[in-house]
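*Asks:* After the structure tokens below, expect a handful of questions from me.
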Amino acid sequence: MKKSGKGLLGDIRVIALILCVLAALFVVYVYPPPPVNAGINGNLRYGLDLVGGSSLQLKLNGTIVTINAPINATAVQEYLEEELDAEVIMLKTDEGGTYEYEIRESVTKERLSEVLKGINGSIAKRPNGEDFFEESLTPATRDETRRIIETKINMLGLASTTIRTVGNNLMVIDLAGIDIKTAKDLVGKPGKFEIRIQTNGTEGEIEKGQRLAEIGNITAHVMYGSEGIESVGTTPTSETRKWQGKEYEEWGAPFALNEEGAVALRNAAIEYGAIDSPANHELAMLLDDVVVYSAPIAEDACEKLKEGVIYVWTANTGTGEEGKEEARELIIHLKAGALPVNVEIIGSGEVPAYLGAKFKEGALIAGLLALISVTGVVSLRYREKKIVLPMFFALFSEVILILGFAAVIRWQLDLPSIAGIIAVIGTGVDQLVIITDEVLSGGRSSATMYRKRVSFAFGIIFISATTTIVAMLALALMALGTLRGFAIVTIVGLLFGIFITRPAYARVIEEIM
């Protein structure tokens, strides 16, 4: 067979493999800069079963029900809120005016039926005759709960955390490096929200992310959220403003103060001179002693404070999608991280740090043994270094590509993910053997015949990979707990194999044979 004149390093398939491997190593070890003590781990993140930590299985308490009653829907909502002492959300389900109600509290069907007797109401029936009553929540409430938990976790700087939702009222949280008591407190307890006012210094000295110890000497306490905040808006508000002839939309987080809070804020603004020089006397908001927002009081609000107290406020966060997202986050902080529904811990588990380290060491050894073992078997089969070495490096580069992908999407590597990598090594060597056998079976022949045999081998590989990917998609899309990691790693590894490493290996075999 006549060899290609370009050589290996001039072939696009080999170049693509080299560049992809270099890119994977770059994102793992170079950019973004890995933590100081990361060592060989680089930017890779590990799940709790490899570094230790806690896992919580949560049930979000709530009920969705349709009600028949002789009064209007708003009156039903108000009645339920008063009788059940719970927040009730009214949901219109069709153009005919039928309403569902989301009760953000766990309530039995029997109790609800008894309560509805007070308005001559009853639980509506489905077409099949069953009661329209289910222990569930709307996707919006579920997502709001998840967002609040994620915000609280981010406040503590816990990067190695995953949150999975199952249905509309179940949630699984894995917190790597966190003991079980801290994990339960994090989920179940609201934080401490505080408003302070700048007393010394100049504009811009207080920044988001600073701790109370850093700003304590230039600020004074005004109020705690539990004492002074009456209510917090559920969604960001916007106001159209003009600047240099252009209109823009500024977003903010609305909240209302009670009498005690409104008086405390006015007194502090007057005492420390904020109403006369607002720029140098910012209001700082802290959650668990960390600054989450800081800005001067608006000039028009300062004028109003000279005359009396202000109860309704809006903390402006900026323009565009970034300002809107910051307003959403600030609303969560203003509520001190309180969840919209009560959560019940229905299951929990903990992996001690020393045991996680042992698992991590064992997983690394298992991966290396898998790679060495399959290489040994191939060596016995072909007994030629010029075949075995390219096969080994093809499999090794595939592992590097998977790790690079995990670093890019910040995927946590856990035991199922390691199992997925080992599975990829197994399927990978099968496919490389198919290519090698097809090439060797034809002996020395023309380039046209060689490419026909390789094309035939790739046909088998594509069919095999496709069936595996389809099977793994069921696990990946259904989010079946930790099995999802196994499925995703397997799928990604197969895709890297059939589009990057297999073509490069075929080109190498063409060159050496």
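Letters A, B, ... go to the chains of the structure tokens in the order shown; residues in each chain start at 1; ligands are counted from 1 in the same order.
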So which bits of region 236-282 of chain A end up strand (DSSP E or B) when you DSSP the backbone, as a list of chain:residue names?

*Replies:* A:Thr237, A:Ser238, A:Glu239, A:Thr240, A:Arg241, A:Lys242, A:Trp243, A:Lys246, A:Glu247, A:Tyr248, A:Glu249, A:Glu250, A:Trp251, A:Gly252, A:Ala253, A:Pro254, A:Phe255, A:Ala256, A:Leu257

*Asks:* List the neighbours of Gly216 (chain A) out to 10 Å using only C-alpha atoms; skip same-chain residues closer than 6 positions along the sequence, and give me the result as a PyMOL selection string.

*Replies:* chain A and resi 196+198-199+289

*Asks:* Output N, CA and C atoms of each residue in that selection to a file, as a PDB file, in the first residue's frame.

*Replies:*
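Result file result.pdb:
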```
ATOM      1  N   ARG A 196     -26.734  47.826  57.549  1.00  0.00           N
ATOM      2  CA  ARG A 196     -25.823  48.738  58.228  1.00  0.00           C
ATOM      3  C   ARG A 196     -25.642  49.988  57.382  1.00  0.00           C
ATOM      4  N   GLN A 198     -22.984  53.267  56.349  1.00  0.00           N
ATOM      5  CA  GLN A 198     -21.598  53.710  56.358  1.00  0.00           C
ATOM      6  C   GLN A 198     -21.469  54.998  57.167  1.00  0.00           C
ATOM      7  N   THR A 199     -20.531  55.002  58.107  1.00  0.00           N
ATOM      8  CA  THR A 199     -20.337  56.170  58.975  1.00  0.00           C
ATOM      9  C   THR A 199     -19.066  56.937  58.639  1.00  0.00           C
ATOM     10  N   ASP A 289     -23.220  37.911  57.857  1.00  0.00           N
ATOM     11  CA  ASP A 289     -22.017  38.738  58.017  1.00  0.00           C
ATOM     12  C   ASP A 289     -21.201  38.883  56.737  1.00  0.00           C
TER      13      ASP A 289
END
```

*Asks:* So that I can see what lies close to region 463-474 of chain A, please list as JSON, numbers by chain the residues with an atom at most 8 Å from it, counting only C-alpha atoms and leaving out residues fewer than 4 positions away in the same chain.

*Replies:* {"A": [459, 478, 487, 488, 490, 491, 494, 498]}

*Asks:* Using 12 Å as the limit and counting only C-alpha atoms, can you tabulate each residue of region 139-228 of chain A that touches region 101-112 of chain A, with its shortest atom-to-atom distance in Å and the two atoms involved, as JSON lines?

*Replies:*
```
{"residue": "A:Pro139", "atom": "CA", "partner": "A:Glu102", "partner_atom": "CA", "distance": 11.1}
{"residue": "A:Ala140", "atom": "CA", "partner": "A:Glu102", "partner_atom": "CA", "distance": 11.0}
{"residue": "A:Thr141", "atom": "CA", "partner": "A:Arg104", "partner_atom": "CA", "distance": 8.9}
{"residue": "A:Arg142", "atom": "CA", "partner": "A:Arg104", "partner_atom": "CA", "distance": 10.8}
{"residue": "A:Thr145", "atom": "CA", "partner": "A:Arg104", "partner_atom": "CA", "distance": 11.5}
{"residue": "A:Asn169", "atom": "CA", "partner": "A:Arg104", "partner_atom": "CA", "distance": 11.2}
```

*Asks:* Nearest residue to Pro352 (chain A) out of A:Gly233, A:Gly42, A:Gly52, A:Pro32, using only C-alpha atoms?

*Replies:*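 Closest candidate: A:Gly52.
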
*Asks:* Which neighbours of region 259-276 of chain A fall inside 10 Å, counting only C-alpha atoms, when residues of the same chain fewer than 5 positions from it are skipped, and could you give them as a PyMOL selection string?

*Replies:* chain A and resi 195-200+219-230+281-283+296-313

*Asks:* One decimal, in Å: what's the spacing between CA of Ala284 (chain A) and CA of Lys208 (chain A)?

*Replies:* 8.9 Å

*Asks:* Would you compute the distance between CA of Glu350 (chain A) and CA of Ser55 (chain A)? Give it in Å to one decimal.

*Replies:*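 Between these atoms lies a distance of 6.2 Å.
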
*Asks:* If you take only C-alpha atoms and a cut-off of 10 Å, which residues of region 407-484 of chain A touch region 360-367 of chain A, and what are their nearest atom pairs and distances in Å to one decimal, in chain and number order, as CSV?

*Replies:*
```
residue,atom,partner,partner_atom,distance
A:Leu413,CA,A:Lys360,CA,9.8
A:Asp414,CA,A:Lys360,CA,8.6
A:Leu415,CA,A:Ala363,CA,7.1
A:Pro416,CA,A:Ala363,CA,10.0
A:Ser417,CA,A:Ala363,CA,9.9
A:Ile418,CA,A:Ala363,CA,6.6
A:Ala419,CA,A:Gly367,CA,8.3
A:Ile421,CA,A:Gly367,CA,7.6
A:Ile422,CA,A:Gly367,CA,6.0
A:Ala423,CA,A:Gly367,CA,9.8
A:Ile425,CA,A:Gly367,CA,8.9
```

*Asks:* How would the residues just chosen look if you wrote them out with N, CA and C atoms as a PDB file, in the first residue's frame?

*Replies:*
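Full text of result_15.pdb as output:
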```
ATOM      1  N   LEU A 413     -16.732  14.525  39.336  1.00  0.00           N
ATOM      2  CA  LEU A 413     -16.383  13.123  39.110  1.00  0.00           C
ATOM      3  C   LEU A 413     -16.677  12.329  40.376  1.00  0.00           C
ATOM      4  N   ASP A 414     -17.467  11.290  40.236  1.00  0.00           N
ATOM      5  CA  ASP A 414     -17.786  10.418  41.362  1.00  0.00           C
ATOM      6  C   ASP A 414     -17.536   8.976  40.945  1.00  0.00           C
ATOM      7  N   LEU A 415     -17.876   8.042  41.806  1.00  0.00           N
ATOM      8  CA  LEU A 415     -17.612   6.637  41.487  1.00  0.00           C
ATOM      9  C   LEU A 415     -18.323   6.173  40.215  1.00  0.00           C
ATOM     10  N   PRO A 416     -19.605   6.518  40.000  1.00  0.00           N
ATOM     11  CA  PRO A 416     -20.236   6.141  38.738  1.00  0.00           C
ATOM     12  C   PRO A 416     -19.541   6.751  37.524  1.00  0.00           C
ATOM     13  N   SER A 417     -19.025   7.987  37.666  1.00  0.00           N
ATOM     14  CA  SER A 417     -18.307   8.611  36.552  1.00  0.00           C
ATOM     15  C   SER A 417     -17.027   7.845  36.242  1.00  0.00           C
ATOM     16  N   ILE A 418     -16.311   7.421  37.290  1.00  0.00           N
ATOM     17  CA  ILE A 418     -15.102   6.618  37.081  1.00  0.00           C
ATOM     18  C   ILE A 418     -15.458   5.296  36.406  1.00  0.00           C
ATOM     19  N   ALA A 419     -16.596   4.710  36.827  1.00  0.00           N
ATOM     20  CA  ALA A 419     -17.063   3.481  36.178  1.00  0.00           C
ATOM     21  C   ALA A 419     -17.346   3.728  34.699  1.00  0.00           C
ATOM     22  N   ILE A 421     -15.785   5.931  32.813  1.00  0.00           N
ATOM     23  CA  ILE A 421     -14.489   6.023  32.126  1.00  0.00           C
ATOM     24  C   ILE A 421     -13.934   4.632  31.842  1.00  0.00           C
ATOM     25  N   ILE A 422     -14.051   3.736  32.827  1.00  0.00           N
ATOM     26  CA  ILE A 422     -13.576   2.359  32.619  1.00  0.00           C
ATOM     27  C   ILE A 422     -14.382   1.664  31.514  1.00  0.00           C
ATOM     28  N   ALA A 423     -15.700   1.923  31.487  1.00  0.00           N
ATOM     29  CA  ALA A 423     -16.536   1.351  30.427  1.00  0.00           C
ATOM     30  C   ALA A 423     -16.111   1.877  29.062  1.00  0.00           C
ATOM     31  N   ILE A 425     -13.105   2.809  28.242  1.00  0.00           N
ATOM     32  CA  ILE A 425     -11.863   2.115  27.881  1.00  0.00           C
ATOM     33  C   ILE A 425     -12.179   0.741  27.284  1.00  0.00           C
TER      34      ILE A 425
END
```

*Asks:* To one decimal in Å, tell me the separation between CA of Glu510 (chain A) and CA of Ile372 (chain A).

*Replies:*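 Here the two named atoms are 24.2 Å from each other.
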
*Asks:* Find the residues near Ala457 (chain A): any atom within 7 Å, counting only C-alpha atoms, skip ones fewer than 2 places away on the same chain, and give them as a VMD selection string.

*Replies:* chain A and resid 434 to 435 438 453 to 455 459 to 461

*Asks:* Please identify the alpha helix (DSSP H) residues within region 68-225 of chain A (assignment by DSSP from backbone atoms) and present them as a PyMOL selection string.

*Replies:* chain A and resi 73-84+109-116+139-155+180-188+212-215+225

*Asks:* Which residue, A:Gln412, A:Thr98, A:Thr427, A:Asn72, has the smallest gap to Asp49 (chain A) when you use only C-alpha atoms?

*Replies:* A:Gln412

*Asks:* List as an MDAnalysis selection string the protein and nucleic acid residues near Gly118 (chain A), meaning an atom at most 12 Å away when only C-alpha atoms are counted, but skip any in the same chain fewer than 5 places from it.

*Replies:* chainID A and resid 69:71 76 79:80 82:83 111:113

*Asks:* Excluding Val27 (chain A) and residues on its chain fewer than 4 positions from it, collect all residues at most 10 Å away from it, counting only C-alpha atoms, and give them as a PyMOL selection string.

*Replies:* chain A and resi 22-23+31-34+42-44+403-408

*Asks:* A:Ile215, A:Glu250, A:Val187, A:Ile387: which is nearest Ile148 (chain A), counting only C-alpha atoms?

*Replies:*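 Of all the options, A:Val187 lies closest to Ile148 (chain A).
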
*Asks:* Which is closer to Glu135 (chain A) than all the others in A:Gln210, A:Thr202, A:Ser294, A:Asn168, using only C-alpha atoms?

*Replies:*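 Answer, going by the shortest atom-to-atom distance: A:Asn168.
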